[in-house]
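Enquirer: Coordinates in coords_24.txt, compact mmCIF, C-alpha atoms, are listed below.
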# COMPACT_ATOMS: atom_id res chain seq x y z
CA MET X 203 -21.95 13.82 -137.53
CA ALA X 204 -21.29 11.18 -134.96
CA LYS X 205 -21.00 7.63 -136.00
CA LYS X 206 -23.64 5.27 -134.87
CA LYS X 207 -22.37 2.49 -132.76
CA LYS X 208 -23.30 -0.93 -133.82
CA VAL X 209 -25.75 -2.46 -131.42
CA LYS X 210 -24.76 -5.93 -130.32
CA ARG X 211 -27.56 -8.34 -130.29
CA ALA X 212 -28.13 -10.28 -127.10
CA VAL X 213 -26.82 -13.81 -127.23
CA LYS X 214 -29.58 -16.31 -126.90
CA LYS X 215 -29.09 -18.64 -124.00
CA PRO X 216 -29.69 -22.31 -124.69
CA VAL X 217 -33.05 -23.53 -123.46
CA LYS X 218 -32.77 -26.04 -120.64
CA LYS X 219 -34.65 -29.25 -121.14
CA VAL X 220 -37.29 -29.87 -118.52
CA VAL X 221 -36.63 -33.12 -116.72
CA LYS X 222 -39.68 -34.65 -115.12
CA LYS X 223 -39.01 -35.66 -111.54
CA LYS X 224 -40.29 -38.94 -110.23
CA PRO X 225 -43.05 -38.53 -107.64
CA VAL X 226 -41.85 -38.92 -104.09
CA LYS X 227 -43.20 -42.08 -102.51
CA LYS X 228 -44.66 -41.73 -99.07
CA PRO X 229 -43.22 -44.17 -96.55
CA ALA X 230 -45.43 -47.13 -95.83
CA ARG X 231 -47.36 -47.00 -92.58
CA LYS X 232 -45.88 -49.09 -89.85
CA VAL X 233 -48.19 -51.68 -88.43
CA VAL X 234 -48.64 -51.01 -84.74
CA LYS X 235 -48.79 -54.17 -82.73
CA LYS X 236 -51.45 -54.18 -80.10
CA GLU X 237 -50.22 -55.02 -76.66
CA VAL X 238 -51.56 -58.34 -75.58
CA ALA X 239 -52.58 -58.57 -71.97
CA PRO X 240 -50.60 -61.17 -70.08
CA THR X 241 -52.46 -64.35 -69.36
CA PRO X 242 -53.84 -64.53 -65.84
CA ARG X 243 -51.64 -66.56 -63.55
CA PRO X 244 -52.81 -68.41 -60.47
CA VAL X 245 -51.55 -67.07 -57.15
CA THR X 246 -52.04 -67.96 -53.55
CA ALA X 247 -53.99 -65.46 -51.48
CA LEU X 248 -55.02 -65.35 -47.85
CA GLU X 249 -58.53 -64.12 -47.13
CA CYS X 250 -60.24 -63.11 -43.87
CA GLN X 251 -63.62 -64.80 -43.49
CA VAL X 252 -64.91 -61.99 -41.23
CA CYS X 253 -64.10 -58.74 -43.06
CA GLY X 254 -63.13 -60.02 -46.52
CA TYR X 255 -59.60 -58.56 -46.46
CA ARG X 256 -57.42 -60.39 -48.98
CA LEU X 257 -53.63 -60.64 -48.89
CA ILE X 258 -51.74 -61.83 -52.00
CA VAL X 259 -48.47 -63.67 -51.45
CA ASP X 260 -46.13 -62.81 -54.32
CA ARG X 261 -42.98 -64.45 -52.97
CA LYS X 262 -42.44 -67.37 -50.63
CA CYS X 263 -40.00 -66.90 -47.79
CA GLY X 264 -38.60 -70.44 -47.84
CA CYS X 265 -39.26 -71.19 -44.17
CA ALA X 266 -39.89 -74.77 -43.15
CA GLU X 267 -42.95 -73.77 -41.14
CA GLU X 268 -46.06 -72.20 -42.58
CA HIS X 269 -46.82 -68.72 -41.26
CA VAL X 270 -50.24 -68.08 -39.78
CA LEU X 271 -51.58 -64.57 -40.39
CA VAL X 272 -54.37 -63.38 -38.14
CA CYS X 273 -57.05 -60.82 -39.05
CA CYS X 274 -60.11 -59.94 -36.94
CA GLY X 275 -58.92 -62.44 -34.30
CA GLN X 276 -59.12 -65.44 -36.68
CA PRO X 277 -56.46 -67.01 -38.91
CA MET X 278 -56.74 -66.17 -42.60
CA GLN X 279 -57.62 -69.01 -45.00
CA LYS X 280 -55.83 -69.83 -48.26
CA VAL X 281 -57.68 -69.02 -51.47
CA GLU X 282 -56.54 -69.71 -55.06
CA THR X 283 -57.12 -66.74 -57.37
CA THR X 284 -55.75 -65.25 -60.60
CA ILE X 285 -54.17 -61.90 -61.23
Written as structure tokens, how would this file's structure read?

Expert:
Amino acid sequence: MAKKKKVKRAVKKPVKKVVKKKPVKKPARKVVKKEVAPTPRPVTALECQVCGYRLIVDRKCGCAEEHVLVCCGQPMQKVETTI
């Protein structure tokens, strides 16, 4: 008769300890700054008294004489307004 081979028992693996993970913190929401509209600034405008056309002067030329702009055959008048 054949000899029975001894059966080797499986080696038990050590049980790993379960380590609790810390919960992941969500990043804080960034506060969005609202854009503030710029404050209205006074500007010089020229307005036609006939048709109502308005011309805004954004930069002065530096001439010694004042320029006269004509619309509808009449000189335009200065008007103070805000943008």

Enquirer: At what distance in Å, to one decimal, does CA of Arg243 in chain X lie from CA of Cys265 in chain X?

Expert: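 Value for the CA of Cys265 in chain X-CA of Arg243 in chain X distance: 23.5 Å.
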
Enquirer: Calculated over all atoms listed in the file, which of the candidates X:Gly264, X:Val209, X:Ala247, X:Tyr255 has the smallest distance to Val281 in chain X?

Expert: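 Counting all atoms listed in the file, the residue closest to Val281 in chain X is X:Ala247.
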
Enquirer: By how many Å are CA of Arg256 in chain X and CA of Gln276 in chain X apart?

Expert: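 Separation between CA of Arg256 in chain X and CA of Gln276 in chain X: 13.4 Å.
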
Enquirer: Would you mind listing what lies within 12 Å of His269 in chain X as a ChimeraX atom specification, with only C-alpha atoms counted and same-chain residues fewer than 6 positions away left out?

Expert: /X:248,259,262-263,277-280

Enquirer: Report, in Å to a single decimal, how far apart CA of Asp260 in chain X and CA of Val238 in chain X are.

Expert: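 One can read the CA of Val238 in chain X to CA of Asp260 in chain X distance as 22.4 Å.
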